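J.: Got a structure for you, written out below as structure tokens; questions coming shortly.
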Amino acid sequence: MNAGMSSMTDLVFLLLIFFIIISTLVSNGVNVDLPSSKGTTSVTSNLTVSIKADGSYYLNGSATSINRSDLEPKLQAEMDKQNEKILYLQVDQAVPTGQTVELIGLAKANQWKVMLGANPMK
């Protein structure tokens, strides 16, 4: 191997390690107190809807909340861009069940798969 390439490969490996560590520290952006569950798995989805305890909706961790009436058109526009139609719900445990069921019904009516977020039980 060329002597100049060894420093380049070292740099590439350092950058790889840096991005792996940083990617594990990045969170959704919306602080939601998720309920706990024994059967949780780590799954990534391209489309996330978060509902905070005050009932406000957030799409993909955005800093601004979305009105309930604007949520369905925005979800449909985002889902049209996706190959896999999976909606990941992060619902605060203080949110009434009716709001969660309403979103699940919306997803089922549009034939989207639904995943519910939860914290692993310790």
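Residue numbering restarts at 1 in every chain; chains get A, B, ... in the order shown in the structure tokens, and ligands count up from 1 in that same order.
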Can you list every residue in segment 36-112 of chain A that DSSP puts in alpha helix (DSSP H), as a ChimeraX atom specification?
T.: /A:68-80,97-109
J.: Include C-alpha atoms and write out the residues we just selected as a PDB file, in the first residue's frame.
T.:
```pdb
ATOM      1  CA  ARG A  68     -55.127  18.660  13.660  1.00  0.00           C
ATOM      2  CA  SER A  69     -56.964  19.807  10.515  1.00  0.00           C
ATOM      3  CA  ASP A  70     -53.632  20.300   8.669  1.00  0.00           C
ATOM      4  CA  LEU A  71     -52.178  16.981   9.800  1.00  0.00           C
ATOM      5  CA  GLU A  72     -53.878  14.615   7.334  1.00  0.00           C
ATOM      6  CA  PRO A  73     -52.966  16.574   4.147  1.00  0.00           C
ATOM      7  CA  LYS A  74     -49.361  16.930   5.331  1.00  0.00           C
ATOM      8  CA  LEU A  75     -49.174  13.219   6.169  1.00  0.00           C
ATOM      9  CA  GLN A  76     -50.573  12.258   2.770  1.00  0.00           C
ATOM     10  CA  ALA A  77     -48.058  14.525   1.013  1.00  0.00           C
ATOM     11  CA  GLU A  78     -45.185  12.984   2.989  1.00  0.00           C
ATOM     12  CA  MET A  79     -46.442   9.417   2.483  1.00  0.00           C
ATOM     13  CA  ASP A  80     -46.565   9.941  -1.283  1.00  0.00           C
ATOM     14  CA  THR A  97     -56.368   7.241  24.166  1.00  0.00           C
ATOM     15  CA  GLY A  98     -58.969   8.720  21.832  1.00  0.00           C
ATOM     16  CA  GLN A  99     -56.388  10.940  20.137  1.00  0.00           C
ATOM     17  CA  THR A 100     -54.112   7.973  19.529  1.00  0.00           C
ATOM     18  CA  VAL A 101     -56.945   5.816  18.201  1.00  0.00           C
ATOM     19  CA  GLU A 102     -57.998   8.663  15.901  1.00  0.00           C
ATOM     20  CA  LEU A 103     -54.513   8.746  14.341  1.00  0.00           C
ATOM     21  CA  ILE A 104     -54.408   4.950  14.026  1.00  0.00           C
ATOM     22  CA  GLY A 105     -57.802   5.076  12.287  1.00  0.00           C
ATOM     23  CA  LEU A 106     -56.498   7.737   9.908  1.00  0.00           C
ATOM     24  CA  ALA A 107     -53.517   5.550   9.057  1.00  0.00           C
ATOM     25  CA  LYS A 108     -55.641   2.436   8.552  1.00  0.00           C
ATOM     26  CA  ALA A 109     -58.083   4.347   6.317  1.00  0.00           C
TER      27      ALA A 109
END
```
J.: Return the single residue from A:Gln82, A:Ala118, A:Ser7, A:Ser50 that is closest to Ala63 of chain A, with distances computed using only C-alpha atoms.
T.: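 Distance minimum relative to Ala63 of chain A lands on A:Ser50.
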J.: In terms of the shortest atom-to-atom distance over only C-alpha atoms, which of A:Met5, A:Lys81, A:Ile51, A:Ile20 is closest to Asn67 of chain A?
T.: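 So, comparing all the options, the nearest one is A:Ile51.
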J.: Run DSSP on the backbone of this structure and report the residues of segment 34-115 of chain A it assigns to strand (DSSP E), as a list in words.
T.: Ser36, Ser37, Thr48, Val49, Ser50, Ile51, Tyr57, Tyr58, Leu59, Ile86, Leu87, Tyr88, Leu89, Gln90, Val91, Lys113, Val114 and Met115 of chain A
J.: Using C-alpha atoms, can you write the selected residues to a file as an mmCIF file, in the first residue's frame?
T.:
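result_32.cif, freshly written:
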```cif
data_model
loop_
_atom_site.group_PDB
_atom_site.id
_atom_site.type_symbol
_atom_site.label_atom_id
_atom_site.label_comp_id
_atom_site.auth_asym_id
_atom_site.auth_seq_id
_atom_site.Cartn_x
_atom_site.Cartn_y
_atom_site.Cartn_z
ATOM 1 C CA SER A 36 -42.845 1.710 28.900
ATOM 2 C CA SER A 37 -43.190 -1.732 27.375
ATOM 3 C CA THR A 48 -42.962 10.341 12.695
ATOM 4 C CA VAL A 49 -45.943 11.998 14.367
ATOM 5 C CA SER A 50 -45.464 13.062 17.975
ATOM 6 C CA ILE A 51 -48.283 14.075 20.311
ATOM 7 C CA TYR A 57 -49.048 17.446 17.038
ATOM 8 C CA TYR A 58 -45.535 17.493 15.584
ATOM 9 C CA LEU A 59 -44.391 16.015 12.275
ATOM 10 C CA ILE A 86 -45.097 3.323 7.760
ATOM 11 C CA LEU A 87 -46.264 5.891 10.308
ATOM 12 C CA TYR A 88 -44.369 5.958 13.599
ATOM 13 C CA LEU A 89 -46.392 7.381 16.493
ATOM 14 C CA GLN A 90 -44.723 8.833 19.568
ATOM 15 C CA VAL A 91 -47.560 9.609 21.945
ATOM 16 C CA LYS A 113 -48.748 0.625 8.658
ATOM 17 C CA VAL A 114 -48.572 1.995 12.204
ATOM 18 C CA MET A 115 -45.828 1.615 14.806
#
```
J.: Could you please determine the separation between atom CA of Asn46 of chain A and atom CA of Asn110 of chain A in Å, to one decimal place?
T.: 16.7 Å
